[in-house]
Amino acid sequence: MKKQAGFSLTELLIVMAVSAILLAGMASFFTSQARTTTMQVLTVDTVHRARTALASMTKEIRMAGYRSSGAAFTGISQASAGSIRILADLNQDGSISGSAEDITYAFNSDNKSISRNGSVLAEHIESLTLTYTMKDGSTTQAPADLSGIRKVRMTLIVRSSAIDPLTADYKRFELTSDITPRNMNF
């Protein structure tokens, strides 16, 4: 009898089983990498949005009270735990006019956003807390004497726009900034 060349059924089944195990391992690895990449993209996006909002607000709050020598107004004209209105005579014409000189930031808990003069500045914000340090060193979230504000502490909690596939929950980050308005009458 002639010896036949080729693979036996047993050898073929062993190769198929090993190949299936290797393919399952590779599929698991790629699925894990896709989830990790999604989580990292969510994290970067969330931190970027929070830092952008925080930087914009910090810059403009720091300029509160900027004015020409003849103008008289309080740099912070409204202050609460969730909103602040700042005034700055940036073009030094002696009056406050336009959206660059009269700015209101407000947190809207219903749609989880911060607005700047009524337009959405940042979304997916879980909370914005403004705490004011007064000239006597005390802190409050509802200052009675707006001219006595010396520092604003802004705490922002932002969440990811989508649920993290690894934790099945939103990613949350808290950022805090201490802002000293440069142009308030110290």
# chains A, B, ... in the order shown; residues from 1 in each chain; ligands from 1
>>> select_by_dssp(residues="segment 2-185 of chain A", states="helix (DSSP H, G or I)", output="PyMOL selection string")
chain A and resi 9-62+146-148
>>> residues_around(residues="Gly118 of chain A", least_positions_apart="6", cutoff="10 Å", atoms="only C-alpha atoms", output="list of chain:residue names")
A:Ile103, A:Thr104, A:Tyr105, A:Ala106
>>> residues_around(residues="Leu156 of chain A", least_positions_apart="2", cutoff="8 Å", atoms="only C-alpha atoms", output="ChimeraX atom specification")
/A:50,54,125-129,154,158,174-176
>>> write_last_selection(atoms="N, CA, C and O atoms", output="PDB file, in the first residue's frame")
ATOM      1  N   ALA A  50     -12.889  71.289  30.371  1.00  0.00           N
ATOM      2  CA  ALA A  50     -12.834  71.921  31.693  1.00  0.00           C
ATOM      3  C   ALA A  50     -11.752  72.993  31.742  1.00  0.00           C
ATOM      4  O   ALA A  50     -11.986  74.103  32.231  1.00  0.00           O
ATOM      5  N   LEU A  54     -12.305  76.999  32.289  1.00  0.00           N
ATOM      6  CA  LEU A  54     -11.648  77.579  33.449  1.00  0.00           C
ATOM      7  C   LEU A  54     -10.690  78.696  33.036  1.00  0.00           C
ATOM      8  O   LEU A  54     -10.670  79.764  33.656  1.00  0.00           O
ATOM      9  N   ILE A 125     -21.218  70.154  32.544  1.00  0.00           N
ATOM     10  CA  ILE A 125     -20.686  70.667  33.804  1.00  0.00           C
ATOM     11  C   ILE A 125     -21.613  70.204  34.920  1.00  0.00           C
ATOM     12  O   ILE A 125     -22.802  70.489  34.896  1.00  0.00           O
ATOM     13  N   GLU A 126     -21.081  69.491  35.879  1.00  0.00           N
ATOM     14  CA  GLU A 126     -21.914  69.012  36.985  1.00  0.00           C
ATOM     15  C   GLU A 126     -22.108  70.083  38.040  1.00  0.00           C
ATOM     16  O   GLU A 126     -23.163  70.152  38.659  1.00  0.00           O
ATOM     17  N   SER A 127     -21.082  70.907  38.256  1.00  0.00           N
ATOM     18  CA  SER A 127     -21.271  71.995  39.207  1.00  0.00           C
ATOM     19  C   SER A 127     -20.222  73.081  38.985  1.00  0.00           C
ATOM     20  O   SER A 127     -19.131  72.821  38.496  1.00  0.00           O
ATOM     21  N   LEU A 128     -20.623  74.275  39.337  1.00  0.00           N
ATOM     22  CA  LEU A 128     -19.730  75.435  39.375  1.00  0.00           C
ATOM     23  C   LEU A 128     -19.986  76.102  40.711  1.00  0.00           C
ATOM     24  O   LEU A 128     -21.125  76.440  41.034  1.00  0.00           O
ATOM     25  N   THR A 129     -18.942  76.242  41.509  1.00  0.00           N
ATOM     26  CA  THR A 129     -19.073  76.890  42.806  1.00  0.00           C
ATOM     27  C   THR A 129     -18.101  78.055  42.865  1.00  0.00           C
ATOM     28  O   THR A 129     -16.904  77.879  42.640  1.00  0.00           O
ATOM     29  N   MET A 154     -12.908  79.518  42.160  1.00  0.00           N
ATOM     30  CA  MET A 154     -13.841  78.856  41.252  1.00  0.00           C
ATOM     31  C   MET A 154     -13.541  77.359  41.251  1.00  0.00           C
ATOM     32  O   MET A 154     -12.419  76.951  40.970  1.00  0.00           O
ATOM     33  N   VAL A 158     -16.577  68.773  35.978  1.00  0.00           N
ATOM     34  CA  VAL A 158     -17.016  68.475  34.623  1.00  0.00           C
ATOM     35  C   VAL A 158     -17.077  66.959  34.459  1.00  0.00           C
ATOM     36  O   VAL A 158     -16.308  66.237  35.085  1.00  0.00           O
ATOM     37  N   GLU A 174     -12.471  67.455  38.749  1.00  0.00           N
ATOM     38  CA  GLU A 174     -12.678  68.694  39.491  1.00  0.00           C
ATOM     39  C   GLU A 174     -11.443  69.573  39.321  1.00  0.00           C
ATOM     40  O   GLU A 174     -10.320  69.130  39.529  1.00  0.00           O
ATOM     41  N   LEU A 175     -11.688  70.811  38.940  1.00  0.00           N
ATOM     42  CA  LEU A 175     -10.619  71.792  38.792  1.00  0.00           C
ATOM     43  C   LEU A 175     -10.956  72.999  39.654  1.00  0.00           C
ATOM     44  O   LEU A 175     -12.117  73.406  39.750  1.00  0.00           O
ATOM     45  N   THR A 176      -9.936  73.577  40.263  1.00  0.00           N
ATOM     46  CA  THR A 176     -10.123  74.756  41.105  1.00  0.00           C
ATOM     47  C   THR A 176      -9.124  75.818  40.693  1.00  0.00           C
ATOM     48  O   THR A 176      -7.970  75.522  40.391  1.00  0.00           O
TER      49      THR A 176
END
>>> closest_residue(among="A:Asp164, A:Gly82, A:Leu22, A:Arg182", to="Ser109 of chain A", atoms="only C-alpha atoms")
A:Gly82
>>> closest_residue(among="A:Thr180, A:Thr31, A:Asn117, A:Thr74", to="Leu166 of chain A", atoms="only C-alpha atoms")
A:Thr31
>>> residues_around(residues="segment 135-142 of chain A", least_positions_apart="2", cutoff="12 Å", atoms="only C-alpha atoms", output="list in words")
Gln78, Ala79, Ser80, Ala81, Gly82, Ser83, Ile84, Leu128, Thr129, Leu130, Thr131, Tyr132, Thr133, Ala144, Asp145, Leu146, Ser147, Gly148, Ile149, Arg150, Lys151, Val152, Arg153, Met154, Thr155, Thr180, Met184, Asn185 and Phe186 of chain A
>>> decode(residues="segment 66-122 of chain A", atoms="C-alpha atoms", output="PDB file, in the first residue's frame")
ATOM      1  CA  TYR A  66     -10.226  97.533  34.602  1.00  0.00           C
ATOM      2  CA  ARG A  67     -11.051 101.140  33.737  1.00  0.00           C
ATOM      3  CA  SER A  68      -9.734 104.482  32.617  1.00  0.00           C
ATOM      4  CA  SER A  69      -8.870 106.971  35.317  1.00  0.00           C
ATOM      5  CA  GLY A  70     -12.191 108.841  35.111  1.00  0.00           C
ATOM      6  CA  ALA A  71     -14.576 105.873  35.192  1.00  0.00           C
ATOM      7  CA  ALA A  72     -16.226 104.786  38.420  1.00  0.00           C
ATOM      8  CA  PHE A  73     -17.811 101.350  38.797  1.00  0.00           C
ATOM      9  CA  THR A  74     -17.422  98.150  40.777  1.00  0.00           C
ATOM     10  CA  GLY A  75     -15.569  95.462  38.823  1.00  0.00           C
ATOM     11  CA  ILE A  76     -17.859  92.710  40.088  1.00  0.00           C
ATOM     12  CA  SER A  77     -21.454  93.894  39.914  1.00  0.00           C
ATOM     13  CA  GLN A  78     -23.211  90.630  40.780  1.00  0.00           C
ATOM     14  CA  ALA A  79     -21.849  87.644  42.693  1.00  0.00           C
ATOM     15  CA  SER A  80     -23.412  84.410  43.889  1.00  0.00           C
ATOM     16  CA  ALA A  81     -22.378  80.780  44.310  1.00  0.00           C
ATOM     17  CA  GLY A  82     -23.312  79.936  40.713  1.00  0.00           C
ATOM     18  CA  SER A  83     -22.907  83.163  38.757  1.00  0.00           C
ATOM     19  CA  ILE A  84     -20.794  86.275  38.476  1.00  0.00           C
ATOM     20  CA  ARG A  85     -21.110  89.491  36.491  1.00  0.00           C
ATOM     21  CA  ILE A  86     -17.909  91.381  35.795  1.00  0.00           C
ATOM     22  CA  LEU A  87     -17.370  94.818  34.324  1.00  0.00           C
ATOM     23  CA  ALA A  88     -14.208  96.091  32.631  1.00  0.00           C
ATOM     24  CA  ASP A  89     -13.684  99.195  30.482  1.00  0.00           C
ATOM     25  CA  LEU A  90     -11.275  97.435  28.118  1.00  0.00           C
ATOM     26  CA  ASN A  91     -11.297 100.130  25.407  1.00  0.00           C
ATOM     27  CA  GLN A  92     -10.927 102.871  28.050  1.00  0.00           C
ATOM     28  CA  ASP A  93     -13.702 105.041  26.639  1.00  0.00           C
ATOM     29  CA  GLY A  94     -15.175 105.696  30.096  1.00  0.00           C
ATOM     30  CA  SER A  95     -18.238 103.494  29.650  1.00  0.00           C
ATOM     31  CA  ILE A  96     -19.131  99.831  29.863  1.00  0.00           C
ATOM     32  CA  SER A  97     -20.599  98.576  26.593  1.00  0.00           C
ATOM     33  CA  GLY A  98     -20.563  95.367  24.617  1.00  0.00           C
ATOM     34  CA  SER A  99     -20.182  91.722  25.454  1.00  0.00           C
ATOM     35  CA  ALA A 100     -16.435  92.059  26.064  1.00  0.00           C
ATOM     36  CA  GLU A 101     -16.887  94.662  28.826  1.00  0.00           C
ATOM     37  CA  ASP A 102     -20.055  93.443  30.565  1.00  0.00           C
ATOM     38  CA  ILE A 103     -19.733  89.690  31.117  1.00  0.00           C
ATOM     39  CA  THR A 104     -22.024  87.370  33.026  1.00  0.00           C
ATOM     40  CA  TYR A 105     -21.057  83.776  33.700  1.00  0.00           C
ATOM     41  CA  ALA A 106     -23.851  81.563  34.992  1.00  0.00           C
ATOM     42  CA  PHE A 107     -24.185  77.874  35.778  1.00  0.00           C
ATOM     43  CA  ASN A 108     -27.380  76.191  34.591  1.00  0.00           C
ATOM     44  CA  SER A 109     -27.984  72.996  36.568  1.00  0.00           C
ATOM     45  CA  ASP A 110     -30.888  71.915  34.328  1.00  0.00           C
ATOM     46  CA  ASN A 111     -28.837  71.559  31.148  1.00  0.00           C
ATOM     47  CA  LYS A 112     -25.504  71.197  32.982  1.00  0.00           C
ATOM     48  CA  SER A 113     -23.735  74.078  31.283  1.00  0.00           C
ATOM     49  CA  ILE A 114     -21.986  77.353  31.914  1.00  0.00           C
ATOM     50  CA  SER A 115     -23.061  80.307  29.839  1.00  0.00           C
ATOM     51  CA  ARG A 116     -21.225  83.503  29.010  1.00  0.00           C
ATOM     52  CA  ASN A 117     -23.681  86.339  28.375  1.00  0.00           C
ATOM     53  CA  GLY A 118     -26.411  83.808  27.610  1.00  0.00           C
ATOM     54  CA  SER A 119     -24.390  81.718  25.125  1.00  0.00           C
ATOM     55  CA  VAL A 120     -23.182  78.271  26.155  1.00  0.00           C
ATOM     56  CA  LEU A 121     -19.479  78.340  27.033  1.00  0.00           C
ATOM     57  CA  ALA A 122     -19.124  74.773  28.331  1.00  0.00           C
TER      58      ALA A 122
END
